[in-house]
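Trainee: For reference, this is final_15.tsv, and it has TSV, N, CA and C atoms and all ligand atoms.
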```
chain	number	residue	atom	x	y	z
A	1	MET	N	80.06	103.75	131.64
A	1	MET	CA	80.87	103.47	130.45
A	1	MET	C	80.06	103.77	129.19
A	2	TYR	N	80.67	104.45	128.26
A	2	TYR	CA	80.01	104.81	127.02
A	2	TYR	C	80.13	103.68	126.00
A	3	LYS	N	78.99	103.25	125.49
A	3	LYS	CA	79.01	102.23	124.42
A	3	LYS	C	78.13	102.73	123.29
A	4	GLU	N	78.65	102.74	122.09
A	4	GLU	CA	77.87	103.28	120.98
A	4	GLU	C	77.38	102.19	120.03
A	5	TYR	N	77.73	100.93	120.30
A	5	TYR	CA	77.27	99.86	119.43
A	5	TYR	C	77.16	98.58	120.23
A	6	PRO	N	76.31	97.68	119.79
A	6	PRO	CA	76.11	96.45	120.54
A	6	PRO	C	77.29	95.49	120.39
A	7	VAL	N	77.51	94.72	121.41
A	7	VAL	CA	78.53	93.67	121.32
A	7	VAL	C	78.00	92.59	120.38
A	8	CYS	N	78.86	92.12	119.49
A	8	CYS	CA	78.46	91.08	118.54
A	8	CYS	C	79.07	89.76	118.98
A	9	ASN	N	78.23	88.85	119.42
A	9	ASN	CA	78.74	87.57	119.91
A	9	ASN	C	79.19	86.65	118.79
A	10	GLU	N	78.85	87.00	117.54
A	10	GLU	CA	79.29	86.18	116.41
A	10	GLU	C	80.80	86.33	116.20
A	11	ILE	N	81.33	87.45	116.67
A	11	ILE	CA	82.76	87.72	116.46
A	11	ILE	C	83.50	87.33	117.72
A	12	LYS	N	84.19	86.22	117.65
A	12	LYS	CA	84.87	85.72	118.84
A	12	LYS	C	86.39	85.81	118.73
A	13	SER	N	86.86	86.13	117.53
A	13	SER	CA	88.31	86.14	117.33
A	13	SER	C	88.94	87.37	117.96
A	14	ASP	N	90.03	87.18	118.62
A	14	ASP	CA	90.85	88.32	119.05
A	14	ASP	C	92.22	88.23	118.40
A	15	LYS	N	92.29	87.49	117.28
A	15	LYS	CA	93.57	87.20	116.66
A	15	LYS	C	93.84	88.00	115.40
A	16	THR	N	92.80	88.59	114.83
A	16	THR	CA	92.95	89.26	113.53
A	16	THR	C	92.77	90.76	113.67
A	17	LEU	N	93.72	91.50	113.13
A	17	LEU	CA	93.66	92.96	113.08
A	17	LEU	C	93.37	93.37	111.65
A	18	ALA	N	92.43	94.27	111.45
A	18	ALA	CA	92.11	94.78	110.12
A	18	ALA	C	92.56	96.24	110.02
A	19	LEU	N	93.17	96.57	108.90
A	19	LEU	CA	93.68	97.92	108.71
A	19	LEU	C	93.36	98.41	107.30
A	20	ASP	N	92.94	99.65	107.22
A	20	ASP	CA	92.89	100.34	105.94
A	20	ASP	C	94.32	100.72	105.56
A	21	TRP	N	94.57	100.96	104.30
A	21	TRP	CA	95.94	101.34	103.89
A	21	TRP	C	96.09	102.85	103.77
A	22	ASP	N	95.41	103.46	102.79
A	22	ASP	CA	95.63	104.89	102.52
A	22	ASP	C	95.13	105.76	103.67
A	23	GLU	N	95.99	106.67	104.12
A	23	GLU	CA	95.71	107.58	105.24
A	23	GLU	C	95.46	106.85	106.55
A	24	THR	N	95.79	105.58	106.60
A	24	THR	CA	95.75	104.86	107.88
A	24	THR	C	97.15	104.29	108.10
A	25	ILE	N	97.42	103.12	107.55
A	25	ILE	CA	98.80	102.62	107.60
A	25	ILE	C	99.72	103.64	106.93
A	26	GLY	N	99.24	104.20	105.83
A	26	GLY	CA	100.06	105.14	105.06
A	26	GLY	C	100.52	106.35	105.86
A	27	ASP	N	99.68	106.80	106.81
A	27	ASP	CA	100.03	107.96	107.62
A	27	ASP	C	100.79	107.59	108.88
A	28	TYR	N	100.60	106.37	109.36
A	28	TYR	CA	101.24	105.96	110.61
A	28	TYR	C	101.89	104.59	110.45
A	29	PRO	N	102.79	104.45	109.49
A	29	PRO	CA	103.32	103.11	109.19
A	29	PRO	C	104.05	102.46	110.35
A	30	LEU	N	104.85	103.21	111.05
A	30	LEU	CA	105.62	102.62	112.14
A	30	LEU	C	104.70	102.23	113.29
A	31	ALA	N	103.74	103.07	113.58
A	31	ALA	CA	102.81	102.79	114.69
A	31	ALA	C	101.98	101.55	114.39
A	32	PHE	N	101.47	101.43	113.16
A	32	PHE	CA	100.64	100.25	112.85
A	32	PHE	C	101.48	98.99	112.74
A	33	ARG	N	102.71	99.11	112.31
A	33	ARG	CA	103.56	97.93	112.29
A	33	ARG	C	103.77	97.43	113.72
A	34	ALA	N	103.99	98.35	114.65
A	34	ALA	CA	104.16	97.96	116.05
A	34	ALA	C	102.86	97.40	116.62
A	35	LEU	N	101.76	98.05	116.30
A	35	LEU	CA	100.46	97.62	116.82
A	35	LEU	C	100.09	96.22	116.33
A	36	ALA	N	100.50	95.90	115.10
A	36	ALA	CA	100.11	94.63	114.49
A	36	ALA	C	100.90	93.44	115.04
A	37	LYS	N	102.03	93.69	115.66
A	37	LYS	CA	102.93	92.60	116.08
A	37	LYS	C	102.26	91.48	116.86
A	38	PRO	N	101.48	91.79	117.88
A	38	PRO	CA	100.93	90.68	118.69
A	38	PRO	C	99.78	89.92	118.03
A	39	TYR	N	99.27	90.39	116.91
A	39	TYR	CA	98.15	89.71	116.27
A	39	TYR	C	98.64	88.52	115.44
A	40	ASP	N	97.86	87.46	115.46
A	40	ASP	CA	98.22	86.28	114.67
A	40	ASP	C	98.09	86.55	113.18
A	41	ARG	N	97.16	87.44	112.84
A	41	ARG	CA	96.83	87.66	111.43
A	41	ARG	C	96.49	89.13	111.21
A	42	VAL	N	96.93	89.66	110.08
A	42	VAL	CA	96.59	91.03	109.69
A	42	VAL	C	95.90	90.98	108.34
A	43	ILE	N	94.80	91.70	108.22
A	43	ILE	CA	94.19	91.86	106.90
A	43	ILE	C	94.14	93.35	106.57
A	44	ILE	N	94.44	93.66	105.34
A	44	ILE	CA	94.37	95.03	104.86
A	44	ILE	C	93.13	95.12	103.99
A	45	VAL	N	92.23	96.01	104.38
A	45	VAL	CA	90.95	96.15	103.70
A	45	VAL	C	90.97	97.53	103.04
A	46	THR	N	91.05	97.55	101.74
A	46	THR	CA	91.42	98.78	101.05
A	46	THR	C	90.72	98.92	99.71
A	47	VAL	N	90.76	100.14	99.18
A	47	VAL	CA	90.34	100.36	97.79
A	47	VAL	C	91.56	100.55	96.89
A	48	ASN	N	92.72	100.48	97.49
A	48	ASN	CA	93.97	100.71	96.77
A	48	ASN	C	94.36	99.45	96.00
A	49	ASN	N	94.17	99.49	94.67
A	49	ASN	CA	94.47	98.30	93.88
A	49	ASN	C	95.92	98.27	93.37
A	50	GLU	N	96.72	99.22	93.84
A	50	GLU	CA	98.13	99.22	93.47
A	50	GLU	C	99.01	98.58	94.54
A	51	LEU	N	98.45	98.41	95.72
A	51	LEU	CA	99.19	97.80	96.82
A	51	LEU	C	99.39	96.31	96.52
A	52	THR	N	100.62	95.85	96.65
A	52	THR	CA	100.87	94.43	96.40
A	52	THR	C	101.05	93.70	97.73
A	53	LEU	N	100.75	92.41	97.69
A	53	LEU	CA	100.89	91.58	98.89
A	53	LEU	C	102.36	91.52	99.32
A	54	SER	N	103.26	91.44	98.37
A	54	SER	CA	104.68	91.36	98.75
A	54	SER	C	105.14	92.65	99.42
A	55	GLU	N	104.64	93.79	98.92
A	55	GLU	CA	104.98	95.08	99.54
A	55	GLU	C	104.46	95.12	100.99
A	56	ALA	N	103.24	94.67	101.18
A	56	ALA	CA	102.65	94.69	102.53
A	56	ALA	C	103.36	93.70	103.46
A	57	CYS	N	103.70	92.54	102.93
A	57	CYS	CA	104.40	91.54	103.75
A	57	CYS	C	105.76	92.05	104.19
A	58	ILE	N	106.46	92.72	103.29
A	58	ILE	CA	107.76	93.28	103.66
A	58	ILE	C	107.58	94.32	104.76
A	59	TRP	N	106.57	95.18	104.58
A	59	TRP	CA	106.39	96.24	105.56
A	59	TRP	C	106.05	95.68	106.94
A	60	PHE	N	105.17	94.69	106.98
A	60	PHE	CA	104.73	94.15	108.28
A	60	PHE	C	105.60	92.99	108.76
A	61	GLU	N	106.63	92.66	107.98
A	61	GLU	CA	107.52	91.55	108.34
A	61	GLU	C	106.71	90.28	108.59
A	62	ARG	N	105.79	90.00	107.66
A	62	ARG	CA	104.93	88.83	107.74
A	62	ARG	C	104.99	88.07	106.43
A	63	SER	N	104.46	86.85	106.47
A	63	SER	CA	104.37	86.06	105.25
A	63	SER	C	102.93	86.07	104.76
A	64	THR	N	102.73	85.47	103.60
A	64	THR	CA	101.37	85.42	103.06
A	64	THR	C	100.48	84.47	103.87
A	65	ASP	N	101.06	83.72	104.81
A	65	ASP	CA	100.26	82.86	105.68
A	65	ASP	C	99.43	83.67	106.67
A	66	ASP	N	99.93	84.83	107.05
A	66	ASP	CA	99.22	85.58	108.09
A	66	ASP	C	98.98	87.04	107.72
A	67	LEU	N	99.05	87.32	106.43
A	67	LEU	CA	98.69	88.67	105.95
A	67	LEU	C	97.94	88.52	104.63
A	68	GLN	N	96.81	89.18	104.54
A	68	GLN	CA	96.01	89.14	103.32
A	68	GLN	C	95.57	90.55	102.96
A	69	ILE	N	95.35	90.78	101.68
A	69	ILE	CA	94.78	92.04	101.22
A	69	ILE	C	93.41	91.76	100.65
A	70	PHE	N	92.42	92.53	101.10
A	70	PHE	CA	91.08	92.50	100.51
A	70	PHE	C	90.90	93.85	99.81
A	71	CYS	N	90.83	93.81	98.49
A	71	CYS	CA	90.69	95.03	97.70
A	71	CYS	C	89.26	95.14	97.19
A	72	CYS	N	88.66	96.29	97.39
A	72	CYS	CA	87.24	96.46	97.07
A	72	CYS	C	86.97	96.19	95.59
A	73	PRO	N	86.09	95.24	95.30
A	73	PRO	CA	85.73	95.00	93.89
A	73	PRO	C	84.97	96.18	93.31
A	74	TYR	N	85.08	96.31	92.02
A	74	TYR	CA	84.43	97.44	91.33
A	74	TYR	C	82.95	97.54	91.67
A	75	GLU	N	82.28	96.39	91.72
A	75	GLU	CA	80.83	96.40	91.94
A	75	GLU	C	80.44	96.84	93.35
A	76	ASN	N	81.40	96.92	94.26
A	76	ASN	CA	81.11	97.37	95.62
A	76	ASN	C	81.54	98.81	95.88
A	77	MET	N	82.04	99.49	94.85
A	77	MET	CA	82.55	100.85	95.03
A	77	MET	C	81.45	101.84	95.44
A	78	GLY	N	80.22	101.50	95.21
A	78	GLY	CA	79.11	102.39	95.60
A	78	GLY	C	78.86	102.39	97.09
A	79	ASP	N	79.36	101.40	97.79
A	79	ASP	CA	79.17	101.32	99.25
A	79	ASP	C	80.44	100.74	99.87
A	80	ILE	N	81.47	101.54	99.84
A	80	ILE	CA	82.76	101.08	100.39
A	80	ILE	C	82.66	100.81	101.89
A	81	PRO	N	82.02	101.71	102.67
A	81	PRO	CA	81.90	101.40	104.10
A	81	PRO	C	81.18	100.08	104.36
A	82	GLY	N	80.09	99.84	103.64
A	82	GLY	CA	79.34	98.60	103.82
A	82	GLY	C	80.17	97.38	103.44
A	83	TRP	N	80.93	97.51	102.35
A	83	TRP	CA	81.78	96.40	101.92
A	83	TRP	C	82.87	96.13	102.95
A	84	LYS	N	83.53	97.19	103.42
A	84	LYS	CA	84.61	96.99	104.40
A	84	LYS	C	84.07	96.37	105.68
A	85	ALA	N	82.91	96.83	106.13
A	85	ALA	CA	82.33	96.27	107.36
A	85	ALA	C	81.97	94.80	107.17
A	86	ALA	N	81.46	94.46	105.98
A	86	ALA	CA	81.09	93.06	105.71
A	86	ALA	C	82.34	92.16	105.71
A	87	VAL	N	83.44	92.67	105.15
A	87	VAL	CA	84.69	91.90	105.17
A	87	VAL	C	85.15	91.70	106.61
A	88	CYS	N	85.15	92.76	107.38
A	88	CYS	CA	85.61	92.66	108.78
A	88	CYS	C	84.74	91.70	109.58
A	89	TYR	N	83.44	91.75	109.33
A	89	TYR	CA	82.52	90.85	110.02
A	89	TYR	C	82.79	89.39	109.62
A	90	ALA	N	82.91	89.16	108.32
A	90	ALA	CA	83.12	87.80	107.82
A	90	ALA	C	84.46	87.24	108.29
A	91	GLU	N	85.45	88.10	108.40
A	91	GLU	CA	86.80	87.65	108.80
A	91	GLU	C	86.97	87.65	110.31
A	92	LYS	N	85.90	88.00	111.03
A	92	LYS	CA	85.89	87.98	112.50
A	92	LYS	C	87.05	88.75	113.11
A	93	VAL	N	87.22	89.98	112.64
A	93	VAL	CA	88.35	90.75	113.13
A	93	VAL	C	88.09	91.23	114.56
A	94	ALA	N	89.19	91.34	115.29
A	94	ALA	CA	89.10	91.86	116.66
A	94	ALA	C	88.95	93.38	116.65
A	95	LEU	N	89.57	94.01	115.64
A	95	LEU	CA	89.63	95.47	115.63
A	95	LEU	C	89.97	95.95	114.23
A	96	MET	N	89.34	97.04	113.83
A	96	MET	CA	89.58	97.65	112.52
A	96	MET	C	89.95	99.11	112.70
A	97	PHE	N	90.94	99.58	111.95
A	97	PHE	CA	91.28	101.00	111.92
A	97	PHE	C	91.06	101.52	110.51
A	98	ASP	N	90.39	102.66	110.40
A	98	ASP	CA	90.18	103.29	109.09
A	98	ASP	C	90.10	104.80	109.30
A	99	ASP	N	90.47	105.56	108.29
A	99	ASP	CA	90.38	107.02	108.42
A	99	ASP	C	89.01	107.55	107.99
A	100	ASN	N	88.17	106.70	107.44
A	100	ASN	CA	86.83	107.13	107.02
A	100	ASN	C	85.82	106.83	108.13
A	101	PRO	N	85.25	107.87	108.73
A	101	PRO	CA	84.30	107.63	109.82
A	101	PRO	C	83.08	106.80	109.40
A	102	ASP	N	82.72	106.86	108.11
A	102	ASP	CA	81.59	106.04	107.65
A	102	ASP	C	81.93	104.55	107.70
A	103	VAL	N	83.18	104.21	107.48
A	103	VAL	CA	83.61	102.81	107.61
A	103	VAL	C	83.50	102.39	109.07
A	104	VAL	N	83.96	103.25	109.95
A	104	VAL	CA	83.91	102.93	111.38
A	104	VAL	C	82.46	102.77	111.83
A	105	ARG	N	81.60	103.67	111.39
A	105	ARG	CA	80.17	103.56	111.74
A	105	ARG	C	79.56	102.27	111.18
A	106	ALA	N	79.89	101.92	109.95
A	106	ALA	CA	79.35	100.69	109.34
A	106	ALA	C	79.84	99.47	110.11
A	107	CYS	N	81.09	99.49	110.55
A	107	CYS	CA	81.61	98.39	111.37
A	107	CYS	C	80.84	98.32	112.69
A	108	HIS	N	80.65	99.45	113.32
A	108	HIS	CA	79.94	99.47	114.60
A	108	HIS	C	78.52	98.92	114.45
A	109	GLN	N	77.89	99.23	113.33
A	109	GLN	CA	76.52	98.72	113.11
A	109	GLN	C	76.49	97.21	113.05
A	110	LYS	N	77.61	96.60	112.68
A	110	LYS	CA	77.68	95.14	112.65
A	110	LYS	C	78.27	94.56	113.93
A	111	GLY	N	78.60	95.43	114.88
A	111	GLY	CA	79.20	94.97	116.12
A	111	GLY	C	80.68	94.69	116.02
A	112	VAL	N	81.31	95.24	114.98
A	112	VAL	CA	82.75	95.08	114.79
A	112	VAL	C	83.46	96.26	115.47
A	113	ASN	N	84.41	95.96	116.32
A	113	ASN	CA	85.20	97.01	116.96
A	113	ASN	C	85.98	97.77	115.89
A	114	ALA	N	85.88	99.09	115.92
A	114	ALA	CA	86.59	99.88	114.92
A	114	ALA	C	86.93	101.25	115.50
A	115	ILE	N	88.07	101.77	115.08
A	115	ILE	CA	88.55	103.06	115.56
A	115	ILE	C	88.90	103.92	114.36
A	116	CYS	N	88.47	105.19	114.41
A	116	CYS	CA	88.75	106.11	113.31
A	116	CYS	C	90.10	106.80	113.52
A	117	VAL	N	90.94	106.74	112.50
A	117	VAL	CA	92.18	107.50	112.48
A	117	VAL	C	91.82	108.88	111.97
A	118	SER	N	91.78	109.85	112.85
A	118	SER	CA	91.09	111.09	112.51
A	118	SER	C	92.00	112.23	112.06
A	119	GLU	N	93.24	111.90	111.73
A	119	GLU	CA	94.18	112.95	111.31
A	119	GLU	C	93.62	113.81	110.17
A	120	ARG	N	92.95	113.16	109.21
A	120	ARG	CA	92.45	113.90	108.04
A	120	ARG	C	90.94	113.79	107.92
A	121	ALA	N	90.25	113.86	109.05
A	121	ALA	CA	88.80	113.67	109.05
A	121	ALA	C	88.09	114.72	108.19
A	122	TRP	N	88.73	115.88	107.96
A	122	TRP	CA	88.12	116.92	107.14
A	122	TRP	C	87.80	116.40	105.73
A	123	LYS	N	88.50	115.35	105.30
A	123	LYS	CA	88.26	114.80	103.96
A	123	LYS	C	86.84	114.29	103.79
A	124	PHE	N	86.26	113.87	104.90
A	124	PHE	CA	84.96	113.21	104.82
A	124	PHE	C	83.81	114.10	105.28
A	125	GLU	N	84.09	115.38	105.56
A	125	GLU	CA	83.03	116.28	105.99
A	125	GLU	C	82.08	116.50	104.82
A	126	LYS	N	80.78	116.51	105.16
A	126	LYS	CA	79.77	116.64	104.10
A	126	LYS	C	79.24	118.06	104.02
B	201	MG	MG	91.72	105.34	103.90
```
Any chance you could give the structure as structure tokens?
Ligand SMILES: [Mg+2]

Mentor:
Amino acid sequence: MYKEYPVCNEIKSDKTLALDWDETIGDYPLAFRALAKPYDRVIIVTVNNELTLSEACIWFERSTDDLQIFCCPYENMGDIPGWKAAVCYAEKVALMFDDNPDVVRACHQKGVNAICVSERAWKFEK
């Protein structure tokens, strides 16, 4: 079995799903809405400061009790992957989806399960 990151025993929750918005939920809205259904809680970890909680709640058919938005503060814009991974770690997410492979790598470094939505991976080629 291939494993690219260590298991993190600090993360015990299997109840919270973390999702990026732009080019993640935004590209696969129906699929992520279906995927999110069995989770007790969804958090959206994004740099999109135009997304509103009410818009997200309507889309996911959830209330503010079990859906939250974490929007990257200005002072963390220099290390978005590190900030997103820190949020996912602190919120003990079971799984994170993002289209930025650097976010996925930063999550893996913290032992957070993460999967890259690779439809537009060319955006991040260096
Ligand atoms: Mg994105």

Trainee: Rounded to one decimal, what separation in Å do you get between atom C of Phe60 in chain A and CA of Ala114 in chain A?

Mentor: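 Between atom C of Phe60 in chain A and CA of Ala114 in chain A the gap works out to 21.1 Å.
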
Trainee: What is the distance between CA of Ile80 in chain A and atom N of Thr46 in chain A, in Å to one decimal?

Mentor: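 Computed distance, CA of Ile80 in chain A to atom N of Thr46 in chain A, equals 9.1 Å.
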
Trainee: Write out as a PyMOL selection string which residues come within 8 Å of Cys107 in chain A when counting only N, CA and C atoms, dropping same-chain ones fewer than 3 positions away.

Mentor: chain A and resi 5+81-82+84-86+88-89+101-104+110-114

Trainee: Go through chain A residue by residue and, counting only N, CA and C atoms and all ligand atoms, keep those with an atom at most 8 Å from ligand MG 201 (chain B); for each kept residue give the shortest atom pair and its distance in Å to one decimal, ordered by chain and increasing number, as CSV.

Mentor:
```
residue,atom,partner,partner_atom,distance
A:Leu19,C,B:MG201,MG,7.9
A:Asp20,CA,B:MG201,MG,5.5
A:Trp21,C,B:MG201,MG,5.0
A:Asp22,C,B:MG201,MG,3.4
A:Glu23,N,B:MG201,MG,4.5
A:Thr24,N,B:MG201,MG,4.9
A:Ile25,N,B:MG201,MG,7.1
A:Gly26,N,B:MG201,MG,7.8
A:Val45,C,B:MG201,MG,7.9
A:Thr46,CA,B:MG201,MG,7.2
A:Val47,N,B:MG201,MG,7.1
A:Phe97,C,B:MG201,MG,7.7
A:Asp98,C,B:MG201,MG,5.7
A:Asp99,N,B:MG201,MG,4.6
A:Asn100,N,B:MG201,MG,5.2
```

Trainee: Step one, run DSSP on the backbone; step two, keep only residues of range 29-119 of chain A assigned to alpha helix (DSSP H); then write them as a VMD selection string.

Mentor: chain A and resid 29 to 36 53 to 60 80 to 90 101 to 109

Trainee: Kindly give the distance, in Å, that separates CA of Ile58 in chain A and CA of Leu17 in chain A, rounded to a single decimal.

Mentor: 17.0 Å

Trainee: Quick one: of A:Ala34, A:Pro6, A:Ile43, A:Ile115, who's nearest to Val93 in chain A, counting only C-alpha atoms?

Mentor: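 Smallest distance to Val93 in chain A is found for A:Ile43.
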
Trainee: Could you give me the residues within chain A that DSSP places in strand (DSSP E), as number ranges by chain?

Mentor: A: 16-19, 41-46, 67-71, 95-98, 114-116

Trainee: Which residue out of A:Ile44, A:Leu95, A:Ala18, A:Cys57 has the minimum interatomic distance to Phe70 in chain A when only C-alpha atoms are used?

Mentor: A:Ile44

Trainee: Let me make sure I understand: among A:Asn48, A:Arg41, A:Ser118, A:Glu55, which one has the smallest atom-to-atom distance to Cys71 in chain A if we use all atoms listed in the file?

Mentor: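 When distances to Cys71 in chain A are compared using all atoms listed in the file, the smallest one comes from A:Asn48.
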